[in-house]
file structure.csv (CSV, C-alpha atoms)
chain,number,residue,atom,x,y,z
A,1107,MET,CA,47.8,-1.9,68.4
A,1108,TRP,CA,44.4,-3.6,68.6
A,1109,TYR,CA,43.7,-5.9,71.6
A,1110,ASN,CA,42.1,-9.3,71.7
A,1111,LEU,CA,39.0,-8.9,73.9
A,1112,SER,CA,39.1,-12.6,74.8
A,1113,THR,CA,42.3,-12.2,76.9
A,1114,MET,CA,40.2,-10.2,79.5
A,1115,ASN,CA,38.1,-11.6,82.2
A,1116,SER,CA,34.4,-11.7,81.6
A,1117,GLY,CA,32.7,-8.5,82.8
A,1118,LYS,CA,33.3,-4.8,81.9
A,1119,ILE,CA,36.0,-4.0,79.4
A,1120,SER,CA,39.1,-2.0,80.5
A,1121,ASP,CA,38.9,1.8,80.8
A,1122,ALA,CA,41.6,2.1,78.1
A,1123,ILE,CA,39.6,0.1,75.5
A,1124,LEU,CA,36.4,1.8,76.6
A,1125,LYS,CA,37.9,5.3,76.0
A,1126,ARG,CA,39.8,4.4,72.8
A,1127,SER,CA,37.0,2.5,71.0
A,1128,ILE,CA,33.8,4.1,72.3
A,1129,VAL,CA,34.0,7.2,74.4
A,1130,ASN,CA,36.5,9.1,72.2
A,1131,LEU,CA,34.3,8.5,69.2
A,1132,ILE,CA,31.2,10.1,70.8
A,1133,HIS,CA,30.9,13.9,70.6
A,1134,HIS,CA,28.0,15.6,72.4
A,1135,GLY,CA,26.4,18.6,70.9
A,1136,ARG,CA,22.7,18.9,72.0
A,1137,PRO,CA,22.1,20.3,75.5
A,1138,VAL,CA,19.2,17.9,76.0
A,1139,CYS,CA,21.6,15.0,75.7
A,1140,ILE,CA,24.2,16.5,78.0
A,1141,ASP,CA,21.7,17.5,80.7
A,1142,GLY,CA,19.7,14.2,80.5
A,1143,ALA,CA,16.1,13.5,80.1
A,1144,ASP,CA,13.3,15.4,81.8
A,1145,ILE,CA,11.2,12.7,83.5
A,1146,SER,CA,7.8,14.1,83.0
A,1147,ASP,CA,4.5,13.3,81.3
A,1148,SER,CA,6.1,14.2,78.0
A,1149,PHE,CA,9.0,11.7,78.5
A,1150,ILE,CA,8.8,8.5,76.5
A,1151,ALA,CA,11.3,5.6,76.1
A,1152,CYS,CA,11.8,2.4,74.2
A,1153,ILE,CA,14.3,-0.5,74.4
A,1154,GLN,CA,15.2,-2.8,71.5
A,1155,SER,CA,18.0,-5.4,71.1
A,1156,GLY,CA,19.7,-7.0,68.1
A,1157,ILE,CA,22.6,-9.2,67.2
A,1158,ASP,CA,25.5,-7.5,65.4
A,1159,LYS,CA,25.0,-9.4,62.1
A,1160,ASP,CA,22.8,-8.8,59.1
A,1161,TYR,CA,22.3,-5.2,60.1
A,1162,GLY,CA,20.7,-6.4,63.4
A,1163,ALA,CA,22.5,-3.9,65.7
A,1164,GLU,CA,21.6,-0.9,63.5
A,1165,MET,CA,18.1,-2.2,63.2
A,1166,ALA,CA,17.7,-2.1,67.0
A,1167,ALA,CA,18.3,1.6,66.9
A,1168,VAL,CA,15.9,2.1,64.0
A,1169,LYS,CA,13.1,0.1,65.7
A,1170,ALA,CA,13.5,1.9,69.0
A,1171,ALA,CA,13.3,5.3,67.3
A,1172,ASN,CA,10.3,4.2,65.2
A,1173,ASN,CA,8.5,3.2,68.4
A,1174,ILE,CA,9.1,6.7,69.8
A,1175,ALA,CA,7.8,8.3,66.6
A,1176,ALA,CA,4.7,6.1,66.6
A,1177,ALA,CA,4.0,7.2,70.1
A,1178,GLY,CA,4.0,10.9,69.0
A,1179,GLY,CA,7.5,11.7,70.2
A,1180,LYS,CA,10.7,13.2,68.8
A,1181,VAL,CA,14.0,11.3,69.5
A,1182,ALA,CA,16.3,13.1,72.0
A,1183,GLY,CA,19.1,10.5,72.5
A,1184,PHE,CA,20.2,6.9,72.8
A,1185,LEU,CA,21.9,4.7,75.3
A,1186,THR,CA,23.7,1.7,73.8
A,1187,SER,CA,24.9,-1.4,75.7
A,1188,TYR,CA,27.2,-4.0,74.1
A,1189,MET,CA,27.5,-7.6,75.3
A,1190,LEU,CA,30.7,-8.8,73.5
A,1191,PRO,CA,31.8,-12.4,72.9
A,1192,ALA,CA,34.9,-13.7,74.6
A,1193,ARG,CA,36.2,-15.1,71.3
A,1194,SER,CA,39.8,-15.2,70.2
A,1195,ASP,CA,38.9,-13.5,66.8
A,1196,TYR,CA,36.9,-10.7,68.3
A,1197,ARG,CA,39.4,-7.9,68.5
A,1198,GLU,CA,39.1,-4.3,69.6
A,1199,ILE,CA,39.0,-3.0,66.0
A,1200,LYS,CA,35.6,-4.8,65.6
A,1201,LEU,CA,34.3,-2.9,68.6
A,1202,LYS,CA,35.5,0.4,67.2
A,1203,SER,CA,33.7,-0.5,63.9
A,1204,LEU,CA,30.5,-1.4,65.8
A,1205,THR,CA,30.6,2.0,67.6
A,1206,ARG,CA,31.1,3.9,64.4
A,1207,ARG,CA,28.2,2.1,62.7
A,1208,MET,CA,25.9,2.7,65.7
A,1209,LEU,CA,26.9,6.4,65.8
A,1210,ALA,CA,26.0,6.7,62.1
A,1211,ALA,CA,22.7,4.8,62.4
A,1212,CYS,CA,21.6,6.9,65.4
A,1213,ALA,CA,22.6,10.2,63.8
A,1214,ARG,CA,20.2,9.4,60.9
A,1215,LEU,CA,17.3,8.9,63.3
A,1216,GLY,CA,17.3,12.4,64.9
A,1217,GLY,CA,14.5,14.8,64.3
A,1218,ALA,CA,13.6,18.4,64.8
A,1219,ALA,CA,14.2,20.2,68.1
A,1220,THR,CA,12.3,18.6,70.9
A,1221,ASP,CA,11.5,21.7,72.9
A,1222,ALA,CA,12.0,25.5,73.2
A,1223,ALA,CA,15.4,25.0,74.9
A,1224,ASP,CA,16.7,23.0,71.9
A,1225,LYS,CA,15.4,25.6,69.4
A,1226,ALA,CA,16.9,28.5,71.4
A,1227,SER,CA,20.3,26.7,71.5
A,1228,GLY,CA,20.3,26.2,67.8
A,1229,SER,CA,19.9,22.4,68.0
A,1230,ALA,CA,16.9,22.3,65.7
A,1231,GLY,CA,17.2,19.6,63.1
A,1232,ARG,CA,20.4,18.1,64.5
A,1233,SER,CA,21.0,14.4,64.5
A,1234,ALA,CA,20.3,12.3,67.6
A,1235,GLU,CA,23.2,11.2,69.7
A,1236,ILE,CA,24.5,8.3,71.7
A,1237,ILE,CA,24.9,9.7,75.2
A,1238,GLY,CA,26.2,6.7,77.1
A,1239,GLY,CA,25.9,3.0,77.7
A,1240,ASP,CA,27.6,-0.1,79.1
A,1241,THR,CA,30.1,-2.6,77.5
A,1242,TYR,CA,30.7,-6.1,78.8
A,1243,VAL,CA,32.6,-9.2,77.6
A,1244,SER,CA,30.8,-12.5,78.2
A,1245,GLU,CA,31.3,-16.2,77.4
A,1246,GLY,CA,27.5,-16.5,77.2
A,1247,VAL,CA,27.3,-14.9,73.7
A,1248,ASN,CA,28.8,-16.0,70.4
A,1249,GLU,CA,28.0,-12.7,68.6
A,1250,PRO,CA,27.9,-9.1,69.9
A,1251,VAL,CA,24.4,-8.3,71.3
A,1252,VAL,CA,23.5,-4.7,71.2
A,1253,THR,CA,20.7,-3.2,73.4
A,1254,VAL,CA,19.5,0.3,72.4
A,1255,SER,CA,17.5,2.5,74.8
A,1256,CYS,CA,15.9,5.4,73.0
A,1257,TYR,CA,14.3,8.3,74.7
A,1258,GLY,CA,12.3,11.3,73.5
A,1259,ARG,CA,9.7,13.9,74.3
A,1260,ARG,CA,6.2,14.6,72.9
A,1261,ASP,CA,4.2,17.7,72.9
A,1262,CYS,CA,1.0,16.2,71.5
A,1263,GLU,CA,0.0,12.7,72.4
A,1264,ALA,CA,-1.3,10.4,69.6
A,1265,VAL,CA,-4.5,8.5,70.3
A,1266,ASP,CA,-3.8,5.1,71.7
A,1267,VAL,CA,-4.5,2.2,69.2
A,1268,SER,CA,-7.1,0.8,71.7
A,1269,LYS,CA,-9.2,3.9,70.9
A,1270,CYS,CA,-9.7,3.0,67.2
A,1271,GLU,CA,-13.4,3.0,66.2
A,1272,PRO,CA,-15.4,1.4,63.4
A,1273,GLY,CA,-15.3,3.3,60.2
A,1274,MET,CA,-11.8,4.7,60.6
A,1275,ASP,CA,-9.4,4.1,57.7
A,1276,ILE,CA,-6.3,2.0,57.9
A,1277,ILE,CA,-3.3,3.6,56.1
A,1278,LEU,CA,0.1,2.2,55.3
A,1279,THR,CA,3.1,4.4,54.5
A,1280,LYS,CA,5.8,3.6,52.0
A,1281,TRP,CA,6.0,-0.1,51.2
A,1282,ILE,CA,6.0,-3.3,53.3
A,1283,GLY,CA,9.0,-5.5,53.4
A,1284,ILE,CA,11.7,-2.8,53.5
A,1285,GLY,CA,13.2,-4.1,56.8
A,1286,GLU,CA,13.4,-7.7,55.7
A,1287,ALA,CA,14.9,-6.7,52.3
A,1288,VAL,CA,17.7,-4.7,54.1
A,1289,ARG,CA,18.4,-7.5,56.5
A,1290,ARG,CA,18.6,-10.1,53.7
A,1291,MET,CA,20.9,-7.8,51.6
A,1292,ASN,CA,23.2,-7.6,54.6
A,1293,ASN,CA,23.4,-11.3,54.9
A,1294,PRO,CA,26.4,-12.5,52.8
A,1295,GLU,CA,24.8,-15.8,51.6
A,1296,ASP,CA,21.5,-14.2,50.7
A,1297,CYS,CA,23.3,-11.3,49.0
A,1298,LYS,CA,25.3,-13.7,46.9
A,1299,ARG,CA,22.1,-15.5,45.8
A,1300,MET,CA,20.6,-12.1,44.8
A,1301,GLN,CA,23.6,-11.2,42.8
A,1302,GLN,CA,23.4,-14.5,40.9
A,1303,ARG,CA,19.7,-14.1,40.2
A,1304,PHE,CA,19.2,-10.4,39.4
A,1305,PRO,CA,20.9,-8.3,36.7
A,1306,ALA,CA,23.4,-5.7,37.8
A,1307,GLY,CA,21.6,-2.4,38.7
A,1308,TYR,CA,18.2,-4.0,39.2
A,1309,LEU,CA,18.4,-3.8,43.0
A,1310,SER,CA,19.5,-0.7,44.8
A,1311,SER,CA,22.2,-1.0,47.5
A,1312,ALA,CA,21.3,-2.0,51.1
A,1313,ASP,CA,22.4,1.5,52.1
A,1314,ASP,CA,19.9,3.0,49.7
A,1315,TYR,CA,17.0,0.9,51.0
A,1316,SER,CA,18.0,1.6,54.6
A,1317,LYS,CA,17.2,5.3,54.1
A,1318,TRP,CA,13.6,4.3,54.1
A,1319,LEU,CA,13.7,2.5,57.4
A,1320,SER,CA,12.8,5.5,59.6
A,1321,VAL,CA,9.1,6.5,59.9
A,1322,ARG,CA,10.0,9.9,61.5
A,1323,ASP,CA,8.8,12.0,58.6
A,1324,GLU,CA,5.3,10.5,58.3
A,1325,ALA,CA,4.9,10.4,62.1
A,1326,ASP,CA,5.8,14.1,62.3
A,1327,ILE,CA,3.1,14.9,59.7
A,1328,CYS,CA,0.5,12.9,61.7
A,1329,ILE,CA,1.4,14.8,64.9
A,1330,ASP,CA,1.3,18.2,63.2
A,1331,ILE,CA,-2.3,17.4,62.0
A,1332,LEU,CA,-3.3,16.0,65.4
A,1333,CYS,CA,-2.0,19.1,67.2
A,1334,ASP,CA,-3.6,21.5,64.7
A,1335,ASN,CA,-6.8,22.9,66.1
A,1336,ALA,CA,-8.1,23.4,62.5
A,1337,TYR,CA,-8.6,19.6,62.3
A,1338,ASP,CA,-11.2,17.8,64.4
A,1339,GLY,CA,-10.6,14.0,64.4
A,1340,ARG,CA,-8.7,11.1,65.8
A,1341,LEU,CA,-5.5,9.5,64.7
A,1342,CYS,CA,-3.6,6.4,65.9
A,1343,MET,CA,-0.2,5.2,64.9
A,1344,HIS,CA,1.3,1.7,65.1
A,1345,ASP,CA,4.9,0.7,64.4
A,1346,ILE,CA,4.6,-2.6,62.4
A,1347,SER,CA,8.2,-3.5,62.3
A,1348,GLY,CA,8.4,-6.5,64.4
A,1349,SER,CA,5.3,-8.4,63.5
A,1350,GLY,CA,4.9,-7.6,59.9
A,1351,LEU,CA,1.6,-6.5,58.3
A,1352,GLU,CA,-0.4,-9.6,59.3
A,1353,GLY,CA,0.7,-9.4,62.9
A,1354,ALA,CA,0.3,-5.7,63.1
A,1355,LEU,CA,-3.3,-5.9,61.9
A,1356,TYR,CA,-4.1,-8.7,64.4
A,1357,THR,CA,-2.5,-6.8,67.3
A,1358,MET,CA,-4.3,-3.6,66.5
A,1359,SER,CA,-7.6,-5.5,66.3
A,1360,GLU,CA,-7.1,-7.1,69.6
A,1361,GLU,CA,-6.2,-3.9,71.4
A,1362,CYS,CA,-9.2,-1.9,70.1
A,1363,GLY,CA,-11.7,-4.7,70.4
A,1364,HIS,CA,-12.9,-4.3,66.8
A,1365,GLY,CA,-12.3,-6.2,63.5
A,1366,TYR,CA,-10.9,-5.0,60.2
A,1367,ASP,CA,-11.5,-5.4,56.5
A,1368,ALA,CA,-8.2,-5.0,54.6
A,1369,ASP,CA,-7.3,-5.8,51.0
A,1370,LEU,CA,-4.0,-7.3,50.1
A,1371,ALA,CA,-4.3,-5.9,46.6
A,1372,LYS,CA,-4.1,-2.4,48.0
A,1373,VAL,CA,-1.0,-3.1,50.2
A,1374,PRO,CA,1.9,-1.1,48.8
A,1375,VAL,CA,4.9,-3.3,47.9
A,1376,ARG,CA,7.8,-2.8,45.5
A,1377,GLN,CA,8.3,-5.4,42.8
A,1378,GLU,CA,11.9,-6.1,43.8
A,1379,PHE,CA,10.8,-6.9,47.3
A,1380,ILE,CA,8.4,-9.4,46.0
A,1381,GLU,CA,11.1,-11.0,43.9
A,1382,ILE,CA,13.5,-11.1,46.8
A,1383,ALA,CA,10.8,-12.8,48.9
A,1384,GLU,CA,10.2,-15.4,46.2
A,1385,LEU,CA,13.9,-16.1,45.7
A,1386,LEU,CA,14.6,-16.5,49.5
A,1387,ASP,CA,11.2,-18.2,50.2
A,1388,TYR,CA,9.6,-16.0,52.8
A,1389,ASN,CA,6.1,-14.4,53.2
A,1390,ILE,CA,6.5,-10.7,52.6
A,1391,TYR,CA,3.2,-10.0,54.5
A,1392,SER,CA,4.5,-11.4,57.7
A,1393,ALA,CA,8.2,-10.4,57.2
A,1394,ASP,CA,10.0,-7.5,59.0
A,1395,ALA,CA,8.1,-4.4,57.9
A,1396,THR,CA,10.4,-1.8,59.5
A,1397,GLY,CA,10.0,1.4,57.5
A,1398,SER,CA,6.2,1.3,57.1
A,1399,LEU,CA,3.9,3.0,59.6
A,1400,MET,CA,0.3,1.9,60.1
A,1401,ILE,CA,-2.1,4.8,60.8
A,1402,VAL,CA,-5.8,4.5,61.7
A,1403,THR,CA,-7.7,7.7,61.4
A,1404,ASP,CA,-10.9,9.5,60.5
A,1405,MET,CA,-8.9,12.5,59.0
A,1406,THR,CA,-7.9,10.6,55.9
A,1407,ASP,CA,-8.3,13.4,53.3
A,1408,ALA,CA,-6.2,15.9,55.3
A,1409,LEU,CA,-3.5,13.3,56.0
A,1410,MET,CA,-3.2,12.0,52.5
A,1411,LYS,CA,-3.0,15.5,51.1
A,1412,ARG,CA,-0.1,16.3,53.4
A,1413,PHE,CA,1.7,13.1,52.6
A,1414,GLU,CA,1.3,13.9,48.9
A,1415,GLU,CA,2.7,17.4,49.4
A,1416,LYS,CA,5.8,15.9,51.1
A,1417,GLY,CA,6.3,13.2,48.6
A,1418,ILE,CA,5.5,10.3,51.0
A,1419,GLN,CA,3.9,7.2,49.6
A,1420,ALA,CA,0.7,6.3,51.6
A,1421,THR,CA,-2.2,4.0,50.8
A,1422,VAL,CA,-5.5,3.3,52.3
A,1423,ILE,CA,-5.7,-0.5,52.6
A,1424,GLY,CA,-8.9,-1.0,54.6
A,1425,LYS,CA,-11.2,0.0,57.5
A,1426,ILE,CA,-11.9,-0.8,61.1
A,1427,THR,CA,-15.2,-2.7,61.3
A,1428,ALA,CA,-17.9,-3.0,64.1
A,1429,CYS,CA,-17.7,-6.8,64.2
A,1430,ASN,CA,-14.8,-8.8,65.5
A,1431,ASP,CA,-14.0,-10.4,62.1
A,1432,LYS,CA,-10.5,-10.1,60.9
A,1433,MET,CA,-10.7,-9.9,57.1
A,1434,LEU,CA,-7.5,-9.8,55.1
A,1435,ARG,CA,-8.7,-10.4,51.5
A,1436,ARG,CA,-6.5,-12.4,49.2
A,1437,HIS,CA,-7.9,-12.2,45.6
A,1438,ASP,CA,-5.6,-15.0,44.4
A,1439,LEU,CA,-7.2,-17.6,46.6
call {"tool": "encode", "arguments": {"input": "structure.csv", "output": "structure tokens"}}
result
Amino acid sequence: MWYNLSTMNSGKISDAILKRSIVNLIHHGRPVCIDGADISDSFIACIQSGIDKDYGAEMAAVKAANNIAAAGGKVAGFLTSYMLPARSDYREIKLKSLTRRMLAACARLGGAATDAADKASGSAGRSAEIIGGDTYVSEGVNEPVVTVSCYGRRDCEAVDVSKCEPGMDIILTKWIGIGEAVRRMNNPEDCKRMQQRFPAGYLSSADDYSKWLSVRDEADICIDILCDNAYDGRLCMHDISGSGLEGALYTMSEECGHGYDADLAKVPVRQEFIEIAELLDYNIYSADATGSLMIVTDMTDALMKRFEEKGIQATVIGKITACNDKMLRRHDL
């Protein structure tokens, strides 16, 4: 029997529902998750929130994990907090579905072992886990709001974006617009319009595209090179998910105090993402770019060679300049 959450008073949900629909679904395996985080110089954390519609809840976990990766860390675990609506149609079965979806999303975002203890315990390469959280019912929300706290550790710190210097290359991994495409494909109305416009089989499924949302693989390669004494250079990473390409370039420029010269013709983008943007009337260069990592470095050759070996799409789109001009060239204007 599934209970109607709106019959409860606002506040924390009952222990019975908490255990049945959340706690009993979570199975801990990694010692780092059971013992908790080591609060030290290597500890890093990030918080993201999302509404549970159009893949927003799962995207919060992705963005939090990508922030950890861009800071040079490896994800160790997640805390998830749910603010549920006191609606008559929001039943316990929906909470259980949300929990399962969040467990699956977080599991895909785990990385390699975070330290020697993980490796010794055989935890290397295991998925990341949800280790706890809070769940409330509130009349102040109409849709479930999910807050994800992601924590991790790093053994080698990436250079801060503020340390970018003129002459360094700007690299983008994969393609821009992945996050926006996944979000739109999870929106029923937008999905229906796409089905009416595009022939069957032209677009991959939202699940297929969502596999590209994590930047863990390319971030791991960056850290491997940065920590390798055989290479002498600098490397900065910037997660561009929230602000899109245009916003990310502007933020990076403001933080380092230098300008940039980038070419839109070199920006990697898939044809189907362009057509989705045209159909739904949004600017792909300012849309959600979750899945693409911006890297600024003077070790371009070594990095691009490693990306090619691992089959990761990466493109040099411009350079940091000594002046403060922010140049994003558009050849069609």
call {"tool": "closest_atom_pairs", "arguments": {"input": "structure.csv", "of": "stretch 1212-1329 of chain A", "to": "stretch 1391-1415 of chain A", "cutoff": "8 Å", "atoms": "only C-alpha atoms", "output": "CSV"}}
result
residue,atom,partner,partner_atom,distance
A:Val1267,CA,A:Val1402,CA,8.0
A:Cys1270,CA,A:Val1402,CA,6.9
A:Gly1273,CA,A:Asp1404,CA,7.6
A:Met1274,CA,A:Asp1404,CA,4.9
A:Asp1275,CA,A:Val1402,CA,5.4
A:Ile1276,CA,A:Val1402,CA,4.6
A:Ile1277,CA,A:Ile1401,CA,5.0
A:Leu1278,CA,A:Met1400,CA,4.8
A:Thr1279,CA,A:Ser1398,CA,5.1
A:Lys1280,CA,A:Ser1398,CA,5.6
A:Trp1281,CA,A:Ser1398,CA,6.1
A:Ile1282,CA,A:Ala1395,CA,5.2
A:Gly1283,CA,A:Ala1395,CA,4.7
A:Ile1284,CA,A:Ala1395,CA,5.9
A:Gly1285,CA,A:Thr1396,CA,4.5
A:Glu1286,CA,A:Asp1394,CA,4.7
A:Trp1318,CA,A:Gly1397,CA,5.7
A:Leu1319,CA,A:Gly1397,CA,3.9
A:Ser1320,CA,A:Gly1397,CA,5.4
A:Val1321,CA,A:Gly1397,CA,5.7
A:Glu1324,CA,A:Phe1413,CA,7.2
A:Ala1325,CA,A:Leu1399,CA,7.9
A:Ile1327,CA,A:Arg1412,CA,7.2
A:Cys1328,CA,A:Leu1409,CA,7.0
call {"tool": "closest_residue", "arguments": {"input": "structure.csv", "among": "A:Lys1317, A:Lys1432, A:Arg1260, A:Arg1197", "to": "A:Ala1210", "atoms": "all atoms listed in the file"}}
result
A:Lys1317
call {"tool": "residues_around", "arguments": {"input": "structure.csv", "residues": "A:Gly1156", "least_positions_apart": "4", "cutoff": "6 Å", "atoms": "only C-alpha atoms", "output": "PyMOL selection string"}}
result
chain A and resi 1162-1163+1166+1251-1252
call {"tool": "atom_distance", "arguments": {"input": "structure.csv", "atom1": "atom CA of A:Ile1153", "atom2": "atom CA of A:Ala1176"}}
result
14.0 Å
call {"tool": "atom_distance", "arguments": {"input": "structure.csv", "atom1": "atom CA of A:Phe1379", "atom2": "atom CA of A:Leu1309"}}
result
9.3 Å
call {"tool": "closest_residue", "arguments": {"input": "structure.csv", "among": "A:Val1247, A:Ile1157, A:Ala1287, A:Ala1213", "to": "A:Ala1192", "atoms": "all atoms listed in the file"}}
result
A:Val1247
call {"tool": "atom_distance", "arguments": {"input": "structure.csv", "atom1": "atom CA of A:Ser1255", "atom2": "atom CA of A:Leu1185"}}
result
4.9 Å
call {"tool": "closest_residue", "arguments": {"input": "structure.csv", "among": "A:Ser1359, A:Ser1155, A:Ser1187, A:Asn1248", "to": "A:Val1168", "atoms": "only C-alpha atoms"}}
result
A:Ser1155
call {"tool": "closest_residue", "arguments": {"input": "structure.csv", "among": "A:Ala1336, A:Leu1215, A:Ile1150, A:Met1189", "to": "A:Glu1164", "atoms": "only C-alpha atoms"}}
result
A:Leu1215
call {"tool": "closest_residue", "arguments": {"input": "structure.csv", "among": "A:Cys1262, A:Cys1362, A:Met1291, A:Met1300", "to": "A:Asn1430", "atoms": "only C-alpha atoms"}}
result
A:Cys1362
